[in-house]
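target_14.txt (compact mmCIF, C-alpha atoms)
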# COMPACT_ATOMS: atom_id res chain seq x y z
CA MET G 1 0.00 0.00 0.00
CA LEU G 2 1.13 3.48 -0.87
CA THR G 3 0.30 4.72 2.60
CA ASN G 4 2.16 2.05 4.56
CA ALA G 5 5.49 3.52 5.56
CA ASN G 6 6.12 4.98 2.14
CA PRO G 7 9.01 7.38 2.73
CA ALA G 8 8.10 9.41 -0.35
CA LEU G 9 4.57 10.16 1.00
CA THR G 10 4.18 13.37 2.99
CA PHE G 11 1.26 15.47 4.18
CA ARG G 12 0.94 19.21 4.67
CA ASP G 13 -1.90 21.57 5.65
CA GLU G 14 -0.14 24.72 4.42
CA VAL G 15 -1.61 26.07 1.17
CA ARG G 16 0.74 27.30 -1.58
CA PRO G 17 0.12 29.46 -4.68
CA THR G 18 0.88 26.43 -6.89
CA ASP G 19 -1.93 24.42 -5.28
CA GLY G 20 -4.60 25.94 -7.53
CA ALA G 21 -3.03 24.23 -10.54
CA ALA G 22 -2.43 21.02 -8.57
CA VAL G 23 -6.07 20.86 -7.49
CA ARG G 24 -7.24 21.47 -11.06
CA THR G 25 -5.10 18.59 -12.34
CA ILE G 26 -6.29 16.18 -9.66
CA VAL G 27 -9.98 17.05 -9.88
CA GLU G 28 -9.90 16.93 -13.69
CA SER G 29 -8.16 13.53 -13.52
CA ALA G 30 -11.29 12.10 -11.90
CA GLY G 31 -12.88 12.51 -15.33
CA PHE G 32 -16.44 13.05 -14.15
CA PHE G 33 -16.69 16.54 -12.68
CA HIS G 34 -18.37 19.28 -14.68
CA PRO G 35 -16.05 22.13 -15.72
CA HIS G 36 -17.90 24.48 -13.35
CA GLU G 37 -17.30 22.04 -10.47
CA VAL G 38 -13.57 22.08 -11.28
CA GLU G 39 -13.68 25.89 -11.16
CA VAL G 40 -15.35 25.78 -7.74
CA ALA G 41 -12.60 23.46 -6.44
CA VAL G 42 -9.90 25.85 -7.68
CA GLU G 43 -11.76 28.91 -6.34
CA LEU G 44 -11.69 27.47 -2.82
CA VAL G 45 -7.87 27.35 -3.02
CA GLN G 46 -7.78 30.99 -4.20
CA GLU G 47 -10.20 32.02 -1.47
CA ARG G 48 -7.97 30.38 1.12
CA LEU G 49 -4.81 31.97 -0.32
CA GLY G 50 -6.49 35.39 -0.25
CA LYS G 51 -8.11 35.26 3.19
CA GLY G 52 -6.06 32.66 5.05
CA ARG G 53 -7.80 30.50 7.66
CA ALA G 54 -10.49 33.20 8.01
CA SER G 55 -11.80 31.86 4.68
CA GLY G 56 -13.16 28.91 6.65
CA TYR G 57 -11.43 26.47 4.28
CA LEU G 58 -8.89 24.02 5.63
CA PHE G 59 -6.84 21.84 3.32
CA LEU G 60 -4.76 18.71 3.61
CA PHE G 61 -2.43 17.83 0.75
CA ALA G 62 -0.77 14.45 0.22
CA GLU G 63 2.43 14.58 -1.78
CA VAL G 64 4.35 11.71 -3.30
CA ALA G 65 7.97 12.62 -3.91
CA GLY G 66 7.03 16.31 -3.69
CA THR G 67 4.11 16.23 -6.16
CA VAL G 68 0.52 16.69 -4.97
CA ALA G 69 -1.22 13.32 -5.26
CA GLY G 70 -4.49 14.07 -3.49
CA TYR G 71 -6.17 16.50 -1.13
CA THR G 72 -9.11 17.29 1.09
CA CYS G 73 -10.85 20.61 1.66
CA PHE G 74 -13.03 20.94 4.73
CA GLY G 75 -14.23 23.49 7.26
CA GLU G 76 -16.54 24.24 10.14
CA ILE G 77 -20.03 25.03 8.90
CA PRO G 78 -20.87 28.68 9.71
CA CYS G 79 -23.33 29.17 12.58
CA THR G 80 -22.71 25.66 13.97
CA GLU G 81 -20.84 24.44 17.01
CA GLY G 82 -18.58 21.65 15.83
CA SER G 83 -20.23 20.53 12.60
CA TYR G 84 -17.84 20.28 9.64
CA ASP G 85 -18.34 19.84 5.94
CA LEU G 86 -15.96 17.87 3.78
CA TYR G 87 -16.14 20.02 0.65
CA TRP G 88 -13.70 18.06 -1.51
CA ILE G 89 -11.72 14.87 -1.47
CA ALA G 90 -9.84 13.83 -4.59
CA VAL G 91 -6.91 11.59 -5.45
CA ASP G 92 -4.92 11.57 -8.66
CA ALA G 93 -6.57 8.93 -10.87
CA ARG G 94 -3.23 7.16 -11.38
CA LEU G 95 -2.89 6.60 -7.61
CA ARG G 96 -6.35 5.26 -6.83
CA GLY G 97 -6.94 2.06 -4.87
CA GLN G 98 -3.87 2.42 -2.68
CA GLY G 99 -5.56 3.78 0.43
CA LEU G 100 -4.55 7.39 -0.10
CA GLY G 101 -8.11 8.75 0.00
CA ARG G 102 -8.83 6.87 3.19
CA GLU G 103 -5.63 8.17 4.80
CA LEU G 104 -6.44 11.75 3.74
CA LEU G 105 -9.92 11.44 5.21
CA ARG G 106 -8.66 9.88 8.46
CA ARG G 107 -6.09 12.63 8.97
CA SER G 108 -8.64 15.35 8.13
CA GLU G 109 -11.00 13.89 10.75
CA GLU G 110 -8.17 13.99 13.30
CA THR G 111 -7.67 17.69 12.58
CA ILE G 112 -11.41 18.29 12.89
CA ALA G 113 -11.70 16.38 16.18
CA ALA G 114 -8.66 18.21 17.60
CA SER G 115 -10.43 21.52 16.78
CA GLY G 116 -13.55 20.46 18.68
CA GLY G 117 -15.43 19.09 15.69
CA ARG G 118 -18.15 16.65 16.65
CA GLN G 119 -19.26 15.42 13.25
CA VAL G 120 -18.42 15.58 9.58
CA TYR G 121 -20.97 15.91 6.78
CA ILE G 122 -20.43 14.97 3.15
CA GLU G 123 -22.90 15.83 0.42
CA THR G 124 -22.91 13.88 -2.79
CA SER G 125 -25.05 12.82 -5.70
CA SER G 126 -27.29 9.76 -5.95
CA ARG G 127 -26.24 9.15 -9.58
CA PRO G 128 -24.73 5.72 -10.37
CA LEU G 129 -21.53 7.56 -11.36
CA TYR G 130 -21.03 8.21 -7.65
CA ASP G 131 -21.69 4.63 -6.48
CA PRO G 132 -17.97 4.00 -5.77
CA THR G 133 -17.72 7.37 -3.99
CA ARG G 134 -20.65 6.61 -1.71
CA ALA G 135 -19.35 3.09 -1.03
CA PHE G 136 -16.01 4.67 -0.05
CA TYR G 137 -17.73 6.95 2.50
CA VAL G 138 -19.58 3.99 4.02
CA ARG G 139 -16.32 2.03 4.30
CA CYS G 140 -14.84 5.04 6.08
CA GLY G 141 -17.54 5.03 8.77
CA TYR G 142 -20.14 7.40 7.29
CA HIS G 143 -23.84 6.71 7.10
CA GLU G 144 -26.65 8.27 5.12
CA ALA G 145 -28.34 10.94 7.21
CA ALA G 146 -30.71 12.40 4.63
CA ARG G 147 -31.67 12.24 0.98
CA LEU G 148 -33.27 15.11 -0.97
CA PRO G 149 -34.88 13.80 -4.19
CA ASP G 150 -34.34 15.77 -7.42
CA PHE G 151 -31.99 18.18 -5.65
CA TYR G 152 -29.21 18.49 -8.25
CA ALA G 153 -31.54 17.79 -11.17
CA ARG G 154 -34.59 15.65 -11.89
CA GLY G 155 -33.69 12.11 -10.81
CA ASP G 156 -30.45 13.26 -9.15
CA ALA G 157 -30.84 13.41 -5.37
CA LYS G 158 -28.52 14.96 -2.83
CA VAL G 159 -27.38 12.36 -0.32
CA ILE G 160 -26.01 13.66 2.97
CA TYR G 161 -23.59 11.43 4.84
CA VAL G 162 -22.43 11.99 8.39
CA ARG G 163 -19.83 10.57 10.70
CA HIS G 164 -19.93 11.29 14.40
CA LEU G 165 -16.33 11.56 15.52
CA PRO G 166 -15.01 10.01 18.70
CA PRO G 167 -13.75 12.70 21.10
CA PRO G 168 -10.01 13.35 20.65
CA ALA G 169 -7.65 11.43 22.93
CA PRO G 170 -6.94 13.46 26.09
CA MET D 1 -54.53 43.14 6.34
CA LEU D 2 -51.50 45.19 5.42
CA THR D 3 -51.09 43.35 2.14
CA ASN D 4 -54.66 43.78 0.88
CA ALA D 5 -54.66 46.69 -1.49
CA ASN D 6 -52.57 48.87 0.78
CA PRO D 7 -51.50 51.72 -1.46
CA ALA D 8 -48.47 52.47 0.76
CA LEU D 9 -47.08 48.92 0.29
CA THR D 10 -44.61 48.46 -2.57
CA PHE D 11 -42.12 45.77 -3.58
CA ARG D 12 -38.78 46.04 -5.35
CA ASP D 13 -36.03 43.57 -6.29
CA GLU D 14 -33.39 46.24 -6.91
CA VAL D 15 -30.77 46.42 -4.13
CA ARG D 16 -29.61 49.82 -2.84
CA PRO D 17 -26.58 50.85 -0.76
CA THR D 18 -28.91 51.78 2.12
CA ASP D 19 -30.31 48.23 2.26
CA GLY D 20 -27.43 46.96 4.44
CA ALA D 21 -28.61 49.19 7.28
CA ALA D 22 -32.27 48.36 6.60
CA VAL D 23 -31.57 44.61 6.73
CA ARG D 24 -29.65 45.04 9.98
CA THR D 25 -32.56 46.89 11.59
CA ILE D 26 -35.13 44.33 10.49
CA VAL D 27 -33.11 41.24 11.40
CA GLU D 28 -32.16 42.72 14.78
CA SER D 29 -35.82 43.56 15.41
CA ALA D 30 -36.59 39.83 15.41
CA GLY D 31 -34.76 39.74 18.75
CA PHE D 32 -33.46 36.20 18.50
CA PHE D 33 -30.65 36.12 15.96
CA HIS D 34 -27.06 35.87 17.17
CA PRO D 35 -24.93 38.93 16.36
CA HIS D 36 -22.89 36.83 13.91
CA GLU D 37 -26.09 35.81 12.12
CA VAL D 38 -27.02 39.49 11.76
CA GLU D 39 -23.57 40.12 10.24
CA VAL D 40 -24.12 37.29 7.75
CA ALA D 41 -27.46 38.83 6.69
CA VAL D 42 -25.80 42.23 6.11
CA GLU D 43 -22.82 40.62 4.30
CA LEU D 44 -25.16 39.08 1.72
CA VAL D 45 -26.41 42.58 0.85
CA GLN D 46 -22.81 43.83 0.49
CA GLU D 47 -21.90 40.80 -1.62
CA ARG D 48 -24.84 41.53 -3.90
CA LEU D 49 -23.98 45.24 -4.14
CA GLY D 50 -20.37 44.37 -5.02
CA LYS D 51 -20.97 41.59 -7.53
CA GLY D 52 -24.49 42.24 -8.80
CA ARG D 53 -26.65 39.26 -9.76
CA ALA D 54 -23.46 37.22 -10.33
CA SER D 55 -23.29 37.02 -6.50
CA GLY D 56 -26.10 34.47 -6.74
CA TYR D 57 -28.18 36.43 -4.22
CA LEU D 58 -31.59 37.75 -5.22
CA PHE D 59 -33.56 40.04 -2.93
CA LEU D 60 -37.12 41.20 -2.60
CA PHE D 61 -37.83 44.19 -0.41
CA ALA D 62 -41.26 45.24 0.86
CA GLU D 63 -41.58 48.92 1.67
CA VAL D 64 -44.35 50.66 3.55
CA ALA D 65 -44.51 54.35 2.71
CA GLY D 66 -40.94 54.15 1.39
CA THR D 67 -39.38 52.43 4.42
CA VAL D 68 -38.17 48.83 4.22
CA ALA D 69 -40.59 46.69 6.25
CA GLY D 70 -39.36 43.21 5.34
CA TYR D 71 -37.32 41.28 2.81
CA THR D 72 -36.31 37.93 1.41
CA CYS D 73 -32.91 36.80 0.13
CA PHE D 74 -32.78 33.72 -2.07
CA GLY D 75 -30.83 32.19 -4.93
CA GLU D 76 -30.24 29.16 -7.09
CA ILE D 77 -28.08 26.62 -5.28
CA PRO D 78 -24.74 26.29 -7.13
CA CYS D 79 -24.34 23.07 -9.13
CA THR D 80 -28.09 22.42 -9.21
CA GLU D 81 -30.65 22.74 -11.97
CA GLY D 82 -33.57 24.66 -10.53
CA SER D 83 -33.13 24.16 -6.77
CA TYR D 84 -33.27 27.39 -4.79
CA ASP D 85 -32.46 28.25 -1.20
CA LEU D 86 -34.38 30.83 0.75
CA TYR D 87 -31.49 32.28 2.75
CA TRP D 88 -33.42 34.89 4.70
CA ILE D 89 -36.94 36.06 5.30
CA ALA D 90 -37.56 38.73 7.90
CA VAL D 91 -40.27 41.26 8.67
CA ASP D 92 -40.00 44.26 10.96
CA ALA D 93 -41.24 43.08 14.36
CA ARG D 94 -43.77 45.93 14.52
CA LEU D 95 -45.46 44.74 11.32
CA ARG D 96 -45.81 41.04 12.10
CA GLY D 97 -49.07 39.15 11.78
CA GLN D 98 -50.34 41.17 8.83
CA GLY D 99 -49.45 38.72 6.07
CA LEU D 100 -46.36 40.56 4.89
CA GLY D 101 -44.03 37.55 5.29
CA ARG D 102 -46.42 35.33 3.41
CA GLU D 103 -46.70 37.87 0.59
CA LEU D 104 -42.91 38.25 0.39
CA LEU D 105 -42.50 34.48 0.21
CA ARG D 106 -45.25 34.08 -2.42
CA ARG D 107 -43.73 36.76 -4.64
CA SER D 108 -40.22 35.30 -4.20
CA GLU D 109 -41.54 31.90 -5.28
CA GLU D 110 -43.07 33.51 -8.37
CA THR D 111 -39.69 34.97 -9.29
CA ILE D 112 -38.05 31.58 -8.73
CA ALA D 113 -40.60 29.69 -10.82
CA ALA D 114 -40.32 32.26 -13.62
CA SER D 115 -36.53 31.64 -13.66
CA GLY D 116 -37.04 27.88 -14.04
CA GLY D 117 -36.82 27.04 -10.34
CA ARG D 118 -38.46 23.72 -9.49
CA GLN D 119 -38.26 23.78 -5.71
CA VAL D 120 -37.31 25.96 -2.77
CA TYR D 121 -35.42 24.78 0.30
CA ILE D 122 -35.41 26.45 3.69
CA GLU D 123 -33.07 25.41 6.47
CA THR D 124 -33.91 26.23 10.04
CA SER D 125 -33.36 25.18 13.61
CA SER D 126 -35.35 22.65 15.64
CA ARG D 127 -35.20 24.83 18.75
CA PRO D 128 -38.55 25.83 20.32
CA LEU D 129 -37.62 29.47 19.58
CA TYR D 130 -38.25 28.64 15.93
CA ASP D 131 -41.62 26.90 16.44
CA PRO D 132 -43.56 29.88 14.98
CA THR D 133 -41.10 30.10 12.08
CA ARG D 134 -41.51 26.43 11.19
CA ALA D 135 -45.29 26.65 11.55
CA PHE D 136 -45.20 29.61 9.14
CA TYR D 137 -43.34 27.55 6.52
CA VAL D 138 -45.85 24.72 6.82
CA ARG D 139 -48.74 27.19 6.40
CA CYS D 140 -46.99 28.43 3.27
CA GLY D 141 -46.93 24.97 1.68
CA TYR D 142 -43.54 23.66 2.81
CA HIS D 143 -42.93 20.24 4.31
CA GLU D 144 -40.07 18.75 6.27
CA ALA D 145 -37.70 16.94 3.88
CA ALA D 146 -34.89 16.07 6.30
CA ARG D 147 -33.69 16.56 9.86
CA LEU D 148 -30.03 16.42 10.94
CA PRO D 149 -29.78 15.93 14.72
CA ASP D 150 -27.26 18.02 16.67
CA PHE D 151 -26.32 19.95 13.53
CA TYR D 152 -26.18 23.50 14.91
CA ALA D 153 -25.24 22.36 18.42
CA ARG D 154 -26.01 19.47 20.73
CA GLY D 155 -29.79 19.16 20.85
CA ASP D 156 -30.26 21.68 18.04
CA ALA D 157 -31.08 19.94 14.76
CA LYS D 158 -31.15 21.39 11.28
CA VAL D 159 -34.58 20.96 9.73
CA ILE D 160 -34.77 21.21 5.95
CA TYR D 161 -38.08 22.26 4.44
CA VAL D 162 -38.95 22.08 0.78
CA ARG D 163 -41.73 23.27 -1.46
CA HIS D 164 -42.11 21.92 -4.97
CA LEU D 165 -43.31 24.81 -7.09
CA PRO D 166 -46.04 24.50 -9.68
CA PRO D 167 -44.71 25.26 -13.17
CA PRO D 168 -45.19 28.94 -14.09
CA ALA D 169 -48.30 29.83 -16.04
CA PRO D 170 -47.58 29.69 -19.81

What is this file in structure tokens?
Amino acid sequence: MLTNANPALTFRDEVRPTDGAAVRTIVESAGFFHPHEVEVAVELVQERLGKGRASGYLFLFAEVAGTVAGYTCFGEIPCTEGSYDLYWIAVDARLRGQGLGRELLRRSEETIAASGGRQVYIETSSRPLYDPTRAFYVRCGYHEAARLPDFYARGDAKVIYVRHLPPPAP
Amino acid sequence: MLTNANPALTFRDEVRPTDGAAVRTIVESAGFFHPHEVEVAVELVQERLGKGRASGYLFLFAEVAGTVAGYTCFGEIPCTEGSYDLYWIAVDARLRGQGLGRELLRRSEETIAASGGRQVYIETSSRPLYDPTRAFYVRCGYHEAARLPDFYARGDAKVIYVRHLPPPAP
């Protein structure tokens, strides 16, 4: 597994000006996001670079031998006490199936719990295209909390997953 | 009723620089929003003034004799086809119970339907403080679509209401 004691694998939560391009490459590599969704992913990086942590967007980047291989973007939901949204999770298509997404999610949850986060929400689509994505969330300890029919489009529901985090170790 | 052929009652969807202060007054008059929630309401006006309709925020203001008496703020949810959020609805506390909120909501729904909107979502809190608010939504044709326990805080769920709009008249 890529994530098992791979000396070339590193993680960082600092955001760099080059990350906009890295995020674009990774999200486009998934091959199923709409162009406007790719733009939204890149905009969140720009927003964070412009406003810092006050943007509300936290990032975790995984790098293999110094190149971004995957990332998460998450943040506390405004007007909540300890509820977080996972806005994005994406892994370079060439590095799928090696546990990198799971490791990114696990480490992001640790950051969230250490900041007082109680639970993490993930919103996704009910389309068959997202079957593997939803199965991944379930494997990672999430369960379906709500489903809004026809939300994204006719026949395309929004599915809301949640994971209640264990309190951080004292 | 205030809304029945009251010649002093007018509506406008244009947003003016003075509306930030008007929104602050009206939202504060409700007496139960947190200060940071009031700031969010005012920020949406500023965002709209800065970016125009590209901000994604549409407004409807009700004025009585030229003074803002209530308003709605709504918009199409990004990455959806025809799903709208009602972000804010508020009426000056001194003018409650006269049907102004209902009229604002009805007219906002007309605007949404005319723009191809299929449904309107409203998110609110499960706290008893919001009992009258939720009863108002139900009277206006909304039903509970989902409930996320402990979303805002422990014991304070997010309740998501939805109304499926009839297609606009041809």

Interface list for chain G, partner chain D, 6 Å threshold, only C-alpha atoms, as a PyMOL selection string:
chain G and resi 80-81+146+152-153

Just need chain G moved onto chain D: least-squares over all Cα atoms matched in order, then output as a short mmCIF file (atom, residue, chain, number, x, y, z; two decimals) with C-alpha atoms, keeping the file's coordinate frame.
data_model
loop_
_atom_site.label_atom_id
_atom_site.label_comp_id
_atom_site.auth_asym_id
_atom_site.auth_seq_id
_atom_site.Cartn_x
_atom_site.Cartn_y
_atom_site.Cartn_z
CA MET G 1 -54.52 43.16 6.30
CA LEU G 2 -51.48 45.20 5.42
CA THR G 3 -51.08 43.38 2.14
CA ASN G 4 -54.65 43.80 0.89
CA ALA G 5 -54.66 46.72 -1.50
CA ASN G 6 -52.56 48.87 0.78
CA PRO G 7 -51.48 51.74 -1.47
CA ALA G 8 -48.47 52.48 0.74
CA LEU G 9 -47.06 48.92 0.27
CA THR G 10 -44.60 48.45 -2.58
CA PHE G 11 -42.12 45.78 -3.59
CA ARG G 12 -38.77 46.04 -5.35
CA ASP G 13 -36.02 43.57 -6.29
CA GLU G 14 -33.38 46.25 -6.90
CA VAL G 15 -30.76 46.41 -4.13
CA ARG G 16 -29.61 49.82 -2.84
CA PRO G 17 -26.57 50.86 -0.75
CA THR G 18 -28.92 51.78 2.12
CA ASP G 19 -30.31 48.23 2.27
CA GLY G 20 -27.45 46.97 4.43
CA ALA G 21 -28.63 49.19 7.28
CA ALA G 22 -32.29 48.35 6.59
CA VAL G 23 -31.59 44.62 6.74
CA ARG G 24 -29.64 45.03 9.99
CA THR G 25 -32.56 46.88 11.59
CA ILE G 26 -35.13 44.32 10.48
CA VAL G 27 -33.11 41.23 11.40
CA GLU G 28 -32.16 42.72 14.78
CA SER G 29 -35.83 43.56 15.42
CA ALA G 30 -36.60 39.83 15.42
CA GLY G 31 -34.74 39.77 18.74
CA PHE G 32 -33.46 36.21 18.51
CA PHE G 33 -30.65 36.12 15.97
CA HIS G 34 -27.07 35.90 17.18
CA PRO G 35 -24.93 38.95 16.35
CA HIS G 36 -22.89 36.85 13.91
CA GLU G 37 -26.11 35.82 12.12
CA VAL G 38 -27.02 39.51 11.75
CA GLU G 39 -23.58 40.12 10.24
CA VAL G 40 -24.13 37.29 7.75
CA ALA G 41 -27.47 38.83 6.69
CA VAL G 42 -25.81 42.21 6.11
CA GLU G 43 -22.83 40.63 4.31
CA LEU G 44 -25.16 39.08 1.73
CA VAL G 45 -26.42 42.59 0.86
CA GLN G 46 -22.82 43.83 0.50
CA GLU G 47 -21.90 40.82 -1.60
CA ARG G 48 -24.83 41.53 -3.90
CA LEU G 49 -23.99 45.25 -4.14
CA GLY G 50 -20.38 44.38 -5.01
CA LYS G 51 -20.97 41.59 -7.53
CA GLY G 52 -24.50 42.22 -8.77
CA ARG G 53 -26.65 39.24 -9.76
CA ALA G 54 -23.45 37.21 -10.32
CA SER G 55 -23.30 37.01 -6.50
CA GLY G 56 -26.10 34.46 -6.74
CA TYR G 57 -28.18 36.43 -4.22
CA LEU G 58 -31.58 37.74 -5.21
CA PHE G 59 -33.54 40.03 -2.93
CA LEU G 60 -37.12 41.19 -2.60
CA PHE G 61 -37.83 44.20 -0.41
CA ALA G 62 -41.27 45.24 0.86
CA GLU G 63 -41.59 48.91 1.66
CA VAL G 64 -44.36 50.65 3.54
CA ALA G 65 -44.51 54.34 2.70
CA GLY G 66 -40.94 54.14 1.38
CA THR G 67 -39.38 52.41 4.41
CA VAL G 68 -38.17 48.81 4.22
CA ALA G 69 -40.58 46.67 6.24
CA GLY G 70 -39.37 43.20 5.33
CA TYR G 71 -37.31 41.27 2.81
CA THR G 72 -36.30 37.92 1.40
CA CYS G 73 -32.91 36.79 0.14
CA PHE G 74 -32.80 33.72 -2.07
CA GLY G 75 -30.83 32.19 -4.92
CA GLU G 76 -30.25 29.16 -7.08
CA ILE G 77 -28.07 26.63 -5.29
CA PRO G 78 -24.74 26.28 -7.15
CA CYS G 79 -24.33 23.07 -9.16
CA THR G 80 -28.10 22.41 -9.23
CA GLU G 81 -30.67 22.71 -11.98
CA GLY G 82 -33.57 24.65 -10.53
CA SER G 83 -33.14 24.16 -6.79
CA TYR G 84 -33.27 27.39 -4.77
CA ASP G 85 -32.46 28.25 -1.20
CA LEU G 86 -34.38 30.83 0.76
CA TYR G 87 -31.48 32.27 2.76
CA TRP G 88 -33.41 34.91 4.71
CA ILE G 89 -36.93 36.05 5.31
CA ALA G 90 -37.58 38.73 7.92
CA VAL G 91 -40.29 41.26 8.69
CA ASP G 92 -40.02 44.27 10.95
CA ALA G 93 -41.25 43.09 14.37
CA ARG G 94 -43.77 45.95 14.53
CA LEU G 95 -45.46 44.72 11.33
CA ARG G 96 -45.80 41.03 12.13
CA GLY G 97 -49.06 39.13 11.79
CA GLN G 98 -50.34 41.15 8.85
CA GLY G 99 -49.46 38.71 6.07
CA LEU G 100 -46.36 40.54 4.89
CA GLY G 101 -44.03 37.55 5.30
CA ARG G 102 -46.42 35.32 3.41
CA GLU G 103 -46.71 37.87 0.59
CA LEU G 104 -42.92 38.24 0.40
CA LEU G 105 -42.51 34.48 0.21
CA ARG G 106 -45.25 34.08 -2.42
CA ARG G 107 -43.72 36.76 -4.64
CA SER G 108 -40.22 35.31 -4.20
CA GLU G 109 -41.54 31.89 -5.29
CA GLU G 110 -43.07 33.51 -8.38
CA THR G 111 -39.68 34.97 -9.28
CA ILE G 112 -38.04 31.58 -8.72
CA ALA G 113 -40.61 29.70 -10.81
CA ALA G 114 -40.33 32.28 -13.62
CA SER G 115 -36.54 31.64 -13.64
CA GLY G 116 -37.05 27.89 -14.03
CA GLY G 117 -36.84 27.05 -10.34
CA ARG G 118 -38.46 23.74 -9.49
CA GLN G 119 -38.25 23.78 -5.71
CA VAL G 120 -37.32 25.96 -2.78
CA TYR G 121 -35.42 24.77 0.29
CA ILE G 122 -35.40 26.45 3.69
CA GLU G 123 -33.06 25.41 6.47
CA THR G 124 -33.91 26.23 10.04
CA SER G 125 -33.36 25.19 13.61
CA SER G 126 -35.34 22.65 15.63
CA ARG G 127 -35.19 24.85 18.76
CA PRO G 128 -38.55 25.84 20.32
CA LEU G 129 -37.61 29.47 19.58
CA TYR G 130 -38.24 28.65 15.93
CA ASP G 131 -41.61 26.90 16.44
CA PRO G 132 -43.56 29.87 14.99
CA THR G 133 -41.10 30.09 12.08
CA ARG G 134 -41.51 26.43 11.19
CA ALA G 135 -45.30 26.66 11.55
CA PHE G 136 -45.21 29.62 9.14
CA TYR G 137 -43.33 27.55 6.52
CA VAL G 138 -45.85 24.72 6.83
CA ARG G 139 -48.74 27.17 6.40
CA CYS G 140 -46.99 28.43 3.27
CA GLY G 141 -46.91 24.97 1.67
CA TYR G 142 -43.52 23.65 2.82
CA HIS G 143 -42.92 20.24 4.31
CA GLU G 144 -40.05 18.75 6.26
CA ALA G 145 -37.70 16.96 3.89
CA ALA G 146 -34.89 16.08 6.29
CA ARG G 147 -33.69 16.56 9.84
CA LEU G 148 -30.03 16.42 10.93
CA PRO G 149 -29.79 15.92 14.72
CA ASP G 150 -27.25 18.02 16.66
CA PHE G 151 -26.32 19.95 13.52
CA TYR G 152 -26.18 23.51 14.90
CA ALA G 153 -25.24 22.36 18.40
CA ARG G 154 -26.01 19.45 20.72
CA GLY G 155 -29.80 19.16 20.85
CA ASP G 156 -30.26 21.69 18.03
CA ALA G 157 -31.08 19.94 14.75
CA LYS G 158 -31.14 21.39 11.27
CA VAL G 159 -34.57 20.96 9.71
CA ILE G 160 -34.77 21.21 5.93
CA TYR G 161 -38.09 22.25 4.44
CA VAL G 162 -38.96 22.07 0.77
CA ARG G 163 -41.73 23.27 -1.47
CA HIS G 164 -42.10 21.92 -4.97
CA LEU G 165 -43.32 24.81 -7.09
CA PRO G 166 -46.05 24.50 -9.68
CA PRO G 167 -44.70 25.26 -13.17
CA PRO G 168 -45.17 28.94 -14.08
CA ALA G 169 -48.30 29.84 -16.04
CA PRO G 170 -47.59 29.69 -19.79
#

Quick check, in Å to one decimal: how far apart do atom CA of Arg94 of chain G and atom CA of Thr67 of chain G lie?
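Rounded to one decimal, the two atoms are 12.8 Å apart.
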
If you count all atoms listed in the file, which residues fall within 12 Å of Pro167 of chain G, apart from same-chain ones fewer than 5 positions away, as a PyMOL selection string?
chain G and resi 82+109-119

Please save C-alpha atoms of the selected residues as a PDB file, keeping the file's coordinate frame.
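Wrote part-v1.pdb, looks like this:
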ATOM      1  CA  GLY G  82     -18.580  21.650  15.830  1.00  0.00           C
ATOM      2  CA  GLU G 109     -11.000  13.890  10.750  1.00  0.00           C
ATOM      3  CA  GLU G 110      -8.170  13.990  13.300  1.00  0.00           C
ATOM      4  CA  THR G 111      -7.670  17.690  12.580  1.00  0.00           C
ATOM      5  CA  ILE G 112     -11.410  18.290  12.890  1.00  0.00           C
ATOM      6  CA  ALA G 113     -11.700  16.380  16.180  1.00  0.00           C
ATOM      7  CA  ALA G 114      -8.660  18.210  17.600  1.00  0.00           C
ATOM      8  CA  SER G 115     -10.430  21.520  16.780  1.00  0.00           C
ATOM      9  CA  GLY G 116     -13.550  20.460  18.680  1.00  0.00           C
ATOM     10  CA  GLY G 117     -15.430  19.090  15.690  1.00  0.00           C
ATOM     11  CA  ARG G 118     -18.150  16.650  16.650  1.00  0.00           C
ATOM     12  CA  GLN G 119     -19.260  15.420  13.250  1.00  0.00           C
TER      13      GLN G 119
END

Can you tell me which residues surround Ala65 of chain D at a distance of at most 10 Å, considering all atoms listed in the file, apart from same-chain residues fewer than 5 positions away, and format the answer as number ranges by chain?
D: 6-10

Prev. selection, C-alpha atoms, output as an mmCIF file, in the frame of the given file:
data_model
loop_
_atom_site.group_PDB
_atom_site.id
_atom_site.type_symbol
_atom_site.label_atom_id
_atom_site.label_comp_id
_atom_site.auth_asym_id
_atom_site.auth_seq_id
_atom_site.Cartn_x
_atom_site.Cartn_y
_atom_site.Cartn_z
ATOM 1 C CA ASN D 6 -52.570 48.870 0.780
ATOM 2 C CA PRO D 7 -51.500 51.720 -1.460
ATOM 3 C CA ALA D 8 -48.470 52.470 0.760
ATOM 4 C CA LEU D 9 -47.080 48.920 0.290
ATOM 5 C CA THR D 10 -44.610 48.460 -2.570
#

Residues within 12 Å of Leu100 of chain D, all atoms listed in the file, excluding chain neighbours under 2 positions, as a PyMOL selection string:
chain D and resi 1-4+6+9-11+60-64+68-72+89-98+102-107+136

Would you mind telling me which residue in G:Leu44, G:Ala30, G:Cys73, G:Ala135 lies nearest to Leu86 of chain G when using all atoms listed in the file?
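Under the stated criterion, the closest residue is G:Cys73.
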
Atom CA of Asp13 of chain G to atom CA of Tyr57 of chain G: how many Å, to one decimal?
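Going from atom CA of Asp13 of chain G over to atom CA of Tyr57 of chain G, I get 10.8 Å.
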
Report, in Å to a single decimal, how far apart atom CA of Gly20 of chain G and atom CA of Val45 of chain G are.
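Separating atom CA of Val45 of chain G from atom CA of Gly20 of chain G is a distance of 5.7 Å.
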
For segment 127-129 of chain G: contacts at 9 Å, only C-alpha atoms, fewer than 5 positions along chain excluded, given as an NGL selection string:
:G and (32 or 155-157)

As AutoDock Vina command-line options, what would the box around segment 114-119 of chain D look like: edges along x, y and z, 4 Å added on every side, centre and edge lengths in Å to one decimal?
--center_x -38.4 --center_y 28.0 --center_z -9.9 --size_x 11.8 --size_y 16.5 --size_z 16.3
